[in-house]
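Here is the file protein.cif (mmCIF, C-alpha atoms and all ligand atoms).
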data_entry
#
loop_
_atom_site.label_atom_id
_atom_site.label_comp_id
_atom_site.auth_asym_id
_atom_site.auth_seq_id
_atom_site.Cartn_x
_atom_site.Cartn_y
_atom_site.Cartn_z
CA MET A 1 -145.25 -7.20 -41.82
CA ILE A 2 -144.34 -10.80 -41.08
CA VAL A 3 -145.67 -12.02 -37.74
CA LYS A 4 -143.41 -13.39 -34.99
CA ALA A 5 -145.07 -16.62 -33.83
CA LEU A 6 -143.00 -17.12 -30.68
CA GLU A 7 -140.49 -15.37 -28.49
CA TRP A 8 -138.57 -16.18 -25.32
CA ILE A 9 -138.89 -13.31 -22.88
CA GLY A 10 -136.17 -12.85 -20.25
CA GLY A 11 -133.29 -14.99 -19.01
CA ILE A 12 -133.23 -18.46 -17.44
CA ASP A 13 -136.29 -17.58 -15.35
CA GLY A 14 -138.13 -16.19 -18.35
CA PHE A 15 -141.09 -17.57 -20.31
CA LEU A 16 -142.17 -18.42 -23.83
CA GLU A 17 -144.70 -16.13 -25.45
CA ILE A 18 -146.63 -17.53 -28.41
CA VAL A 19 -149.33 -16.19 -30.70
CA ASP A 20 -152.42 -18.25 -29.84
CA GLN A 21 -153.23 -19.67 -33.27
CA ARG A 22 -156.52 -21.19 -32.10
CA LYS A 23 -157.96 -17.69 -31.98
CA LEU A 24 -156.80 -16.42 -35.38
CA PRO A 25 -157.94 -14.67 -37.48
CA ALA A 26 -160.68 -13.25 -35.22
CA ASP A 27 -158.35 -12.35 -32.34
CA PHE A 28 -154.62 -11.74 -32.15
CA VAL A 29 -153.82 -12.89 -28.63
CA LYS A 30 -150.53 -13.87 -27.06
CA LEU A 31 -150.24 -16.76 -24.64
CA LYS A 32 -147.54 -16.77 -21.97
CA CYS A 33 -146.17 -20.25 -21.31
CA ARG A 34 -144.59 -19.98 -17.86
CA ASP A 35 -144.42 -23.72 -17.25
CA VAL A 36 -143.90 -26.79 -19.34
CA GLU A 37 -147.44 -28.09 -18.73
CA THR A 38 -148.99 -24.95 -20.27
CA LEU A 39 -146.67 -25.31 -23.25
CA PHE A 40 -147.57 -29.01 -23.60
CA GLU A 41 -151.27 -28.12 -23.69
CA ALA A 42 -150.60 -25.32 -26.21
CA ILE A 43 -148.86 -27.81 -28.51
CA LYS A 44 -151.52 -30.50 -28.10
CA THR A 45 -154.39 -28.11 -28.83
CA LEU A 46 -152.56 -26.38 -31.73
CA ALA A 47 -152.23 -22.98 -30.08
CA VAL A 48 -148.74 -23.36 -31.54
CA ARG A 49 -148.14 -25.69 -34.48
CA GLY A 50 -146.07 -26.27 -37.60
CA ALA A 51 -142.98 -28.48 -37.59
CA PRO A 52 -140.17 -25.89 -37.17
CA ALA A 53 -142.13 -23.94 -34.52
CA LEU A 54 -142.66 -27.17 -32.59
CA GLY A 55 -138.89 -27.74 -32.61
CA VAL A 56 -138.20 -24.28 -31.18
CA CYS A 57 -140.99 -24.68 -28.59
CA ALA A 58 -139.60 -28.05 -27.50
CA ALA A 59 -136.16 -26.49 -26.97
CA TYR A 60 -137.60 -23.71 -24.79
CA GLY A 61 -139.85 -26.27 -23.08
CA LEU A 62 -136.73 -27.89 -21.66
CA VAL A 63 -135.58 -24.51 -20.33
CA LEU A 64 -138.97 -24.20 -18.57
CA SER A 65 -138.71 -27.75 -17.24
CA LEU A 66 -135.74 -26.86 -15.02
CA GLN A 67 -137.20 -23.67 -13.56
CA LYS A 68 -139.15 -25.40 -10.83
CA SER A 69 -136.54 -27.90 -9.71
CA SER A 70 -134.95 -27.00 -6.38
CA ASP A 71 -131.48 -25.60 -6.78
CA SER A 72 -129.74 -28.84 -5.94
CA ASP A 73 -126.36 -27.79 -7.30
CA ASP A 74 -126.28 -31.28 -8.68
CA PRO A 75 -126.24 -30.90 -12.46
CA ARG A 76 -126.58 -34.68 -12.90
CA ARG A 77 -129.96 -34.53 -11.17
CA GLU A 78 -130.95 -31.75 -13.60
CA LEU A 79 -130.09 -34.10 -16.46
CA GLU A 80 -132.59 -36.62 -15.08
CA ILE A 81 -135.30 -33.95 -14.87
CA LEU A 82 -134.47 -32.89 -18.41
CA SER A 83 -134.83 -36.41 -19.70
CA ARG A 84 -138.17 -36.89 -17.90
CA TYR A 85 -139.60 -33.68 -19.40
CA ALA A 86 -138.16 -34.48 -22.82
CA ARG A 87 -140.20 -37.71 -22.77
CA TYR A 88 -143.25 -35.71 -21.68
CA LEU A 89 -142.88 -33.13 -24.45
CA ALA A 90 -142.18 -35.90 -26.98
CA SER A 91 -145.61 -37.36 -26.19
CA SER A 92 -147.41 -34.15 -27.29
CA ARG A 93 -147.47 -34.73 -31.06
CA PRO A 94 -145.83 -37.64 -32.88
CA THR A 95 -145.33 -36.70 -36.53
CA ALA A 96 -143.22 -33.52 -36.86
CA VAL A 97 -139.64 -34.67 -36.40
CA ASN A 98 -138.35 -31.19 -35.53
CA LEU A 99 -139.79 -31.59 -32.05
CA PHE A 100 -137.74 -34.74 -31.40
CA TRP A 101 -134.69 -33.28 -33.11
CA ALA A 102 -134.71 -30.25 -30.80
CA LEU A 103 -135.27 -32.32 -27.65
CA GLU A 104 -132.27 -34.50 -28.56
CA ARG A 105 -130.12 -31.49 -29.39
CA ILE A 106 -130.79 -29.75 -26.07
CA GLN A 107 -130.23 -32.93 -24.08
CA ALA A 108 -126.97 -33.67 -25.91
CA THR A 109 -125.74 -30.12 -25.17
CA ALA A 110 -126.63 -30.51 -21.47
CA GLN A 111 -124.98 -33.91 -21.25
CA LYS A 112 -121.77 -32.62 -22.85
CA PHE A 113 -121.70 -29.60 -20.54
CA VAL A 114 -122.00 -31.80 -17.45
CA ASP A 115 -119.43 -34.30 -18.75
CA ASP A 116 -116.93 -31.53 -19.54
CA ARG A 117 -117.53 -29.55 -16.33
CA PRO A 118 -118.70 -31.91 -13.56
CA ASP A 119 -118.21 -29.17 -10.93
CA ALA A 120 -120.29 -26.54 -12.72
CA THR A 121 -123.34 -25.08 -10.98
CA THR A 122 -126.89 -25.86 -12.01
CA LYS A 123 -127.25 -22.16 -12.88
CA ALA A 124 -124.45 -22.50 -15.41
CA LEU A 125 -126.13 -25.57 -16.87
CA ARG A 126 -129.42 -23.72 -17.22
CA GLU A 127 -127.68 -20.83 -18.92
CA THR A 128 -126.07 -23.26 -21.36
CA ILE A 129 -129.44 -24.83 -22.14
CA LEU A 130 -131.07 -21.43 -22.71
CA ALA A 131 -128.19 -20.42 -25.00
CA GLU A 132 -128.72 -23.59 -27.04
CA ALA A 133 -132.49 -23.04 -27.25
CA ASN A 134 -131.81 -19.47 -28.43
CA ALA A 135 -129.45 -20.92 -31.06
CA VAL A 136 -132.18 -23.33 -32.28
CA CYS A 137 -134.52 -20.32 -32.59
CA ARG A 138 -131.98 -18.09 -34.35
CA GLU A 139 -130.98 -20.82 -36.78
CA ASP A 140 -134.64 -21.42 -37.64
CA VAL A 141 -135.06 -17.74 -38.55
CA ASP A 142 -132.00 -17.97 -40.77
CA MET A 143 -133.08 -21.27 -42.37
CA CYS A 144 -136.48 -19.84 -43.24
CA ARG A 145 -134.95 -16.85 -45.02
CA ARG A 146 -132.55 -19.05 -46.99
CA ILE A 147 -135.34 -21.44 -48.01
CA GLY A 148 -137.20 -18.44 -49.41
CA GLU A 149 -134.16 -17.20 -51.28
CA ASN A 150 -133.41 -20.66 -52.69
CA GLY A 151 -137.00 -21.30 -53.80
CA GLU A 152 -137.91 -17.89 -55.14
CA LYS A 153 -136.72 -18.80 -58.65
CA PHE A 154 -139.54 -21.36 -58.98
CA ILE A 155 -142.18 -18.63 -58.79
CA ASN A 156 -142.97 -16.94 -62.09
CA GLU A 157 -144.87 -13.85 -63.05
CA GLY A 158 -148.58 -14.67 -63.40
CA ASP A 159 -148.38 -18.02 -61.59
CA GLY A 160 -151.33 -19.57 -59.79
CA ILE A 161 -149.77 -21.28 -56.79
CA LEU A 162 -151.52 -23.79 -54.59
CA THR A 163 -150.48 -24.25 -50.97
CA HIS A 164 -151.92 -26.43 -48.23
CA CYS A 165 -152.18 -26.00 -44.47
CA ASN A 166 -149.91 -23.28 -43.08
CA ALA A 167 -146.18 -23.31 -43.70
CA GLY A 168 -145.75 -19.63 -42.95
CA ALA A 169 -144.28 -17.49 -40.20
CA LEU A 170 -146.86 -18.89 -37.78
CA ALA A 171 -145.37 -22.37 -38.29
CA THR A 172 -141.77 -21.33 -37.62
CA ALA A 173 -139.66 -18.88 -35.65
CA GLY A 174 -138.93 -16.99 -38.86
CA GLN A 175 -140.77 -16.21 -42.10
CA GLY A 176 -141.95 -19.74 -42.80
CA THR A 177 -140.94 -22.37 -45.35
CA ALA A 178 -143.36 -22.66 -48.28
CA LEU A 179 -144.65 -19.14 -47.61
CA SER A 180 -141.09 -17.86 -47.25
CA VAL A 181 -140.63 -18.70 -50.94
CA LEU A 182 -143.72 -16.62 -51.71
CA PHE A 183 -142.64 -13.75 -49.45
CA GLU A 184 -139.29 -13.57 -51.25
CA ALA A 185 -140.95 -13.66 -54.70
CA HIS A 186 -143.30 -10.88 -53.57
CA LYS A 187 -140.32 -8.88 -52.29
CA ASN A 188 -138.83 -9.24 -55.77
CA LYS A 189 -142.00 -7.64 -57.18
CA LYS A 190 -143.30 -10.77 -58.93
CA LYS A 191 -147.06 -10.82 -59.41
CA PHE A 192 -148.80 -14.13 -58.72
CA ARG A 193 -151.93 -15.48 -57.08
CA VAL A 194 -151.95 -17.96 -54.22
CA TYR A 195 -154.74 -20.48 -53.77
CA ALA A 196 -154.87 -21.61 -50.14
CA CYS A 197 -156.66 -24.89 -49.47
CA GLU A 198 -158.87 -24.30 -46.45
CA THR A 199 -157.35 -27.46 -44.88
CA ARG A 200 -160.06 -29.39 -43.12
CA PRO A 201 -160.65 -30.09 -40.34
CA LEU A 202 -158.85 -27.31 -38.43
CA LEU A 203 -158.68 -24.78 -41.27
CA GLN A 204 -155.03 -23.77 -41.00
CA GLY A 205 -155.21 -22.65 -44.66
CA ALA A 206 -158.36 -20.53 -44.39
CA ARG A 207 -157.55 -19.10 -40.97
CA LEU A 208 -153.76 -18.79 -40.90
CA THR A 209 -152.28 -18.88 -44.41
CA ALA A 210 -154.90 -16.51 -45.81
CA TRP A 211 -154.35 -14.18 -42.84
CA GLU A 212 -150.57 -14.14 -43.25
CA LEU A 213 -150.63 -13.64 -47.03
CA LYS A 214 -153.24 -10.92 -46.84
CA GLN A 215 -151.18 -9.09 -44.22
CA ALA A 216 -148.18 -9.27 -46.54
CA GLY A 217 -150.20 -7.84 -49.45
CA ILE A 218 -150.08 -11.07 -51.48
CA ASP A 219 -153.08 -11.95 -53.66
CA VAL A 220 -154.71 -14.93 -51.92
CA THR A 221 -157.88 -16.88 -52.65
CA ILE A 222 -159.23 -19.65 -50.42
CA ILE A 223 -160.57 -22.84 -51.95
CA CYS A 224 -162.17 -25.87 -50.31
CA ASP A 225 -159.80 -28.83 -50.29
CA ASN A 226 -161.90 -30.74 -52.80
CA MET A 227 -161.67 -27.98 -55.44
CA ALA A 228 -157.95 -28.32 -56.19
CA GLY A 229 -158.27 -30.80 -59.08
CA TRP A 230 -160.86 -28.73 -60.90
CA MET A 231 -158.79 -25.55 -60.49
CA MET A 232 -155.80 -27.36 -62.02
CA LYS A 233 -157.93 -28.65 -64.88
CA GLN A 234 -158.94 -25.06 -65.61
CA SER A 235 -155.27 -23.96 -65.58
CA LYS A 236 -155.84 -21.61 -62.67
CA ILE A 237 -153.20 -23.46 -60.68
CA ASN A 238 -149.86 -24.23 -62.28
CA THR A 239 -147.56 -24.90 -59.27
CA VAL A 240 -147.97 -26.55 -55.86
CA ILE A 241 -145.78 -25.77 -52.86
CA THR A 242 -146.18 -27.02 -49.30
CA GLY A 243 -144.15 -27.47 -46.13
CA ALA A 244 -143.26 -30.78 -44.46
CA ASP A 245 -143.43 -32.39 -41.04
CA ARG A 246 -140.98 -35.23 -41.61
CA ILE A 247 -138.93 -36.26 -44.64
CA ALA A 248 -137.59 -39.83 -44.75
CA ALA A 249 -134.13 -40.71 -46.09
CA ASN A 250 -135.60 -41.56 -49.51
CA GLY A 251 -137.52 -38.26 -49.78
CA ASP A 252 -141.01 -39.53 -48.87
CA THR A 253 -142.61 -36.57 -47.09
CA ALA A 254 -145.23 -36.36 -44.35
CA ASN A 255 -147.30 -33.20 -44.36
CA LYS A 256 -150.83 -32.13 -43.48
CA ILE A 257 -153.55 -34.58 -44.51
CA GLY A 258 -154.55 -33.81 -48.09
CA THR A 259 -151.03 -33.14 -49.33
CA TYR A 260 -150.77 -36.65 -50.78
CA SER A 261 -153.94 -36.14 -52.85
CA LEU A 262 -152.56 -32.82 -54.14
CA SER A 263 -149.34 -34.55 -55.26
CA ILE A 264 -151.35 -37.08 -57.29
CA LEU A 265 -153.43 -34.29 -58.82
CA ALA A 266 -150.27 -32.33 -59.67
CA ARG A 267 -148.75 -35.39 -61.35
CA GLU A 268 -151.98 -36.03 -63.31
CA HIS A 269 -151.99 -32.42 -64.57
CA GLY A 270 -148.23 -32.31 -65.24
CA LEU A 271 -147.61 -29.59 -62.63
CA PRO A 272 -144.48 -29.14 -60.48
CA PHE A 273 -144.90 -30.11 -56.83
CA TYR A 274 -142.42 -28.51 -54.41
CA ILE A 275 -141.73 -29.18 -50.74
CA ALA A 276 -140.01 -26.42 -48.74
CA ALA A 277 -138.40 -27.53 -45.47
CA PRO A 278 -135.31 -26.98 -43.32
CA SER A 279 -132.72 -29.72 -42.76
CA SER A 280 -134.16 -30.25 -39.24
CA THR A 281 -137.24 -31.78 -40.92
CA PHE A 282 -135.26 -34.67 -42.44
CA ASP A 283 -135.28 -37.93 -40.52
CA LEU A 284 -132.45 -39.99 -41.95
CA SER A 285 -133.04 -42.71 -39.35
CA ILE A 286 -136.01 -43.96 -41.36
CA LYS A 287 -135.66 -45.33 -44.87
CA SER A 288 -139.07 -44.44 -46.23
CA GLY A 289 -142.40 -42.80 -45.43
CA LYS A 290 -143.82 -46.17 -44.38
CA GLU A 291 -142.05 -45.72 -41.04
CA ILE A 292 -143.59 -42.31 -40.26
CA LEU A 293 -146.04 -42.36 -37.37
CA ILE A 294 -149.18 -40.49 -38.38
CA GLU A 295 -150.96 -38.59 -35.62
CA GLN A 296 -154.61 -39.56 -35.17
CA ARG A 297 -156.70 -36.76 -33.71
CA ALA A 298 -160.11 -36.62 -32.06
CA ALA A 299 -163.22 -37.46 -34.11
CA GLU A 300 -164.92 -34.30 -32.78
CA GLU A 301 -162.63 -32.17 -34.93
CA ILE A 302 -164.66 -33.57 -37.85
CA THR A 303 -168.09 -34.33 -36.41
CA GLN A 304 -168.32 -30.81 -34.97
CA PHE A 305 -167.77 -27.42 -36.57
CA ALA A 306 -167.02 -24.45 -34.29
CA ARG A 307 -168.29 -26.62 -31.42
CA THR A 308 -171.61 -27.33 -33.19
CA GLN A 309 -172.44 -30.95 -33.97
CA ILE A 310 -172.69 -31.36 -37.75
CA ALA A 311 -172.76 -35.15 -38.05
CA PRO A 312 -175.48 -37.40 -36.66
CA PRO A 313 -174.70 -38.04 -32.99
CA GLY A 314 -172.96 -41.35 -32.48
CA VAL A 315 -171.36 -41.46 -35.95
CA GLY A 316 -167.60 -41.93 -35.74
CA ALA A 317 -164.97 -40.13 -37.83
CA CYS A 318 -161.50 -41.05 -38.94
CA ASN A 319 -159.03 -38.20 -38.41
CA PRO A 320 -155.41 -38.81 -39.48
CA ALA A 321 -153.66 -35.41 -39.22
CA PHE A 322 -150.97 -36.14 -41.83
CA ASP A 323 -150.29 -38.22 -44.93
CA VAL A 324 -147.20 -39.17 -46.88
CA THR A 325 -146.34 -37.97 -50.38
CA GLU A 326 -144.03 -40.27 -52.30
CA ALA A 327 -140.62 -38.94 -53.25
CA GLY A 328 -141.29 -39.82 -56.90
CA ASP A 329 -144.11 -37.28 -56.99
CA ILE A 330 -141.98 -34.43 -55.61
CA THR A 331 -140.33 -32.22 -58.22
CA ALA A 332 -137.86 -30.73 -55.73
CA ILE A 333 -137.29 -30.19 -52.03
CA ILE A 334 -136.22 -26.64 -51.26
CA THR A 335 -133.97 -26.43 -48.18
CA GLU A 336 -131.77 -23.76 -46.61
CA LYS A 337 -128.73 -25.60 -48.01
CA GLY A 338 -130.01 -25.67 -51.56
CA VAL A 339 -132.52 -27.43 -53.78
CA ILE A 340 -132.81 -31.21 -54.12
CA GLU A 341 -134.29 -31.90 -57.55
CA LYS A 342 -135.90 -35.34 -58.02
CA PRO A 343 -135.16 -36.26 -54.38
CA ASP A 344 -133.85 -39.73 -53.54
CA SER A 345 -131.54 -41.16 -50.86
CA GLY A 346 -128.37 -40.18 -52.76
CA SER A 347 -129.29 -36.60 -53.62
CA ILE A 348 -130.63 -35.98 -50.11
CA LEU A 349 -127.50 -37.27 -48.39
CA ARG A 350 -125.24 -35.28 -50.70
CA LEU A 351 -127.02 -32.01 -49.97
CA LEU A 352 -127.43 -32.49 -46.25
CA ASN A 353 -123.86 -33.62 -45.67
CA CYS A 354 -121.99 -31.16 -47.80
CA GLY A 355 -124.51 -28.61 -48.97
CA THR A 356 -123.99 -29.47 -52.62
CA ASN A 357 -125.80 -31.69 -54.99
CA LYS A 358 -123.04 -32.04 -57.57
CA GLN A 359 -122.32 -35.74 -58.34
O1 LIG B 401 -151.17 -29.96 -37.63
P1 LIG B 401 -150.26 -28.82 -37.98
O2 LIG B 401 -150.97 -27.54 -38.18
O3 LIG B 401 -149.11 -28.72 -37.00
O4 LIG B 401 -149.64 -29.24 -39.36
C1 LIG B 401 -148.68 -28.41 -39.93
C2 LIG B 401 -148.30 -28.78 -41.30
O5 LIG B 401 -148.65 -29.82 -41.81
C3 LIG B 401 -147.35 -27.86 -41.99
O6 LIG B 401 -147.59 -27.86 -43.35
C4 LIG B 401 -145.93 -28.34 -41.73
O7 LIG B 401 -145.69 -28.46 -40.36
C5 LIG B 401 -144.93 -27.46 -42.33
S1 LIG B 401 -144.71 -26.00 -41.38
C6 LIG B 401 -143.49 -25.03 -41.97
#
Could I get this structure in the form of structure tokens?
Ligand code: MRU
Amino acid sequence: MIVKALEWIGGIDGFLEIVDQRKLPADFVKLKCRDVETLFEAIKTLAVRGAPALGVCAAYGLVLSLQKSSDSDDPRRELEILSRYARYLASSRPTAVNLFWALERIQATAQKFVDDRPDATTKALRETILAEANAVCREDVDMCRRIGENGEKFINEGDGILTHCNAGALATAGQGTALSVLFEAHKNKKKFRVYACETRPLLQGARLTAWELKQAGIDVTIICDNMAGWMMKQSKINTVITGADRIAANGDTANKIGTYSLSILAREHGLPFYIAAPSSTFDLSIKSGKEILIEQRAAEEITQFARTQIAPPGVGACNPAFDVTEAGDITAIITEKGVIEKPDSGSILRLLNCGTNKQ
């Protein structure tokens, strides 16, 4: 069974329920986000994470943001509140573009509604915003399935597939991106083994990816991040597939720290390196990966392990949460619209604009 990472419960006065990923795999606990501050904290502390999931959460966060405002019957005032909370939510995590994409989409929908119907009630505006957030969620489910279907052909019988971090159902509203490809291959009865990098420092690979794949009955083996090269050298790994947090116009791709090193190792060993991501992860406003803001997280995530100090007290740690893989090292980007082989600005634009990569 594929887990549902998040769900909106109820109507405009409802709440967002998320699986608390900080507690997995030991405990499967759901967290009810009844206000935008609780959701903000959940995002910041990685109770919910993964680029597409952050986009869906941001959309529902704006629904929550209007619940407490007094019923002014002035939709223009609601737009101001929306914009204030959009800035607040945007300050939670900087790298995954889906979060910003969803905030802009919801605000644009609200603005259009108010422009088209200046006499509408605030209740009608809130209903419109909830409908749009539900659409973002539904579309994500659909995109995940299509990514899986489009990428399934790259998985062969007997493969050893390396993945990094968690790009599964827990990172989306649907069945994931990179893991969606594996779920579809498994559904088609292909036999393969997945190597999941543990993904220091927060162990999304060991805790979340291994949990999801095991639940689905897929053969999964955890390795420490620094073992990948040796496993490739021994021909245990012959394909790499990961998700993405932001893809620049030229195809440079930000993903969990360590992905860049894996791309270099894959190139060195002559292995294909795939990125699986929905179109909401592309940021065509930036030319290359150099413009991607990389989140820096607390040193304690590295100097401590399960709240126990493991480094000498007083020693600092550098903790960038993401890195950027160069487009030239990506064999193909698998999207819901199709596959972009040897990604560059031209091939990306062609696929995103018209869903075809024919020249
Ligand atoms: O810090 P995280 O756990 O939010 O990082 C997540 C990743 O890097 C994922 O690989 C990425 O968001 C793709 S999710 C489908």
List as a tab-separated table every residue of stretch 43-74 of chain A that is in contact with stretch 231-244 of chain A, defined as an atom at most 10 Å from one of its atoms (using all atoms listed in the file), together with the nearest atom pair and the distance in Å rounded to one decimal, sorted by chain and then rising number.
residue	atom	partner	partner_atom	distance
A:Gly50	CA	A:Ala244	CA	8.7
A:Ala51	CA	A:Ala244	CA	7.3
A:Pro52	CA	A:Ala244	CA	9.3
Shell around A:Ile348 at 9 Å using all atoms listed in the file, local window under 4 positions removed, as a ChimeraX atom specification | /A:249-251,340,343-344,352-353,357
Residues within 7 Å of ligand LIG 401 (chain B) (all atoms listed in the file), as a PyMOL selection string?
-> chain A and resi 46+49-52+96+164-168+171-172+176-178+204+242-245+255-256+277+321-322
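The space between atom CA of A:Ile218 and atom CA of A:Gly160 spans 12.0 Å.
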Separation of atom CA of A:Phe28 and atom CA of A:Gly205, in Å?
->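 It comes out at 16.6 Å.
Across the model, the gap from atom CA of A:Arg93 to atom CA of A:Lys44 is 6.6 Å.
Residues within 10 Å of A:Ala110, counting all atoms listed in the file and excluding same-chain residues fewer than 4 positions away, are A:Pro75, A:Arg76, A:Glu78, A:Leu79, A:Leu82, A:Glu104, A:Arg105, A:Ile106, A:Val114, A:Asp115, A:Asp116, A:Leu125, A:Arg126, A:Thr128, A:Ile129, A:Glu132.
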Which residue of A:Phe305, A:Phe282, A:Phe113, A:Phe183 approaches A:Arg146 most closely, using only C-alpha atoms |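 Nearest to A:Arg146: A:Phe183.
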Near stretch 61-71 of chain A, counting only C-alpha atoms, which residues have an atom at most 10 Å away, once you skip same-chain residues fewer than 4 positions from it, shown as an MDAnalysis selection string?
-> chainID A and resid 11:16 33:40 54:57 75 77:79 81:86 89 102:103 106:107 121:123 125:133
Quick one: everything within 9 Å of stretch 195-203 of chain A, counting all atoms listed in the file, minus sequence neighbours fewer than 3 positions away in the same chain. Send it as a ChimeraX atom specification.
-> /A:160-166,206-210,219-228,237,256-258,301-302,305,319,321
In the coordinates of the file, take the point (-167.7, -36.1, -40.2) and a cut-off of 9 Å; then, counting only C-alpha atoms, name each qualifying protein, DNA or RNA residue as a VMD selection string.
-> chain A and resid 299 to 304 310 to 312 315 to 318
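Of the residues under consideration (A:Phe273, A:Tyr260, A:Phe100, A:Tyr88), A:Phe273 shows the shortest atom-to-atom contact distance to A:Ile155 when counting only C-alpha atoms.
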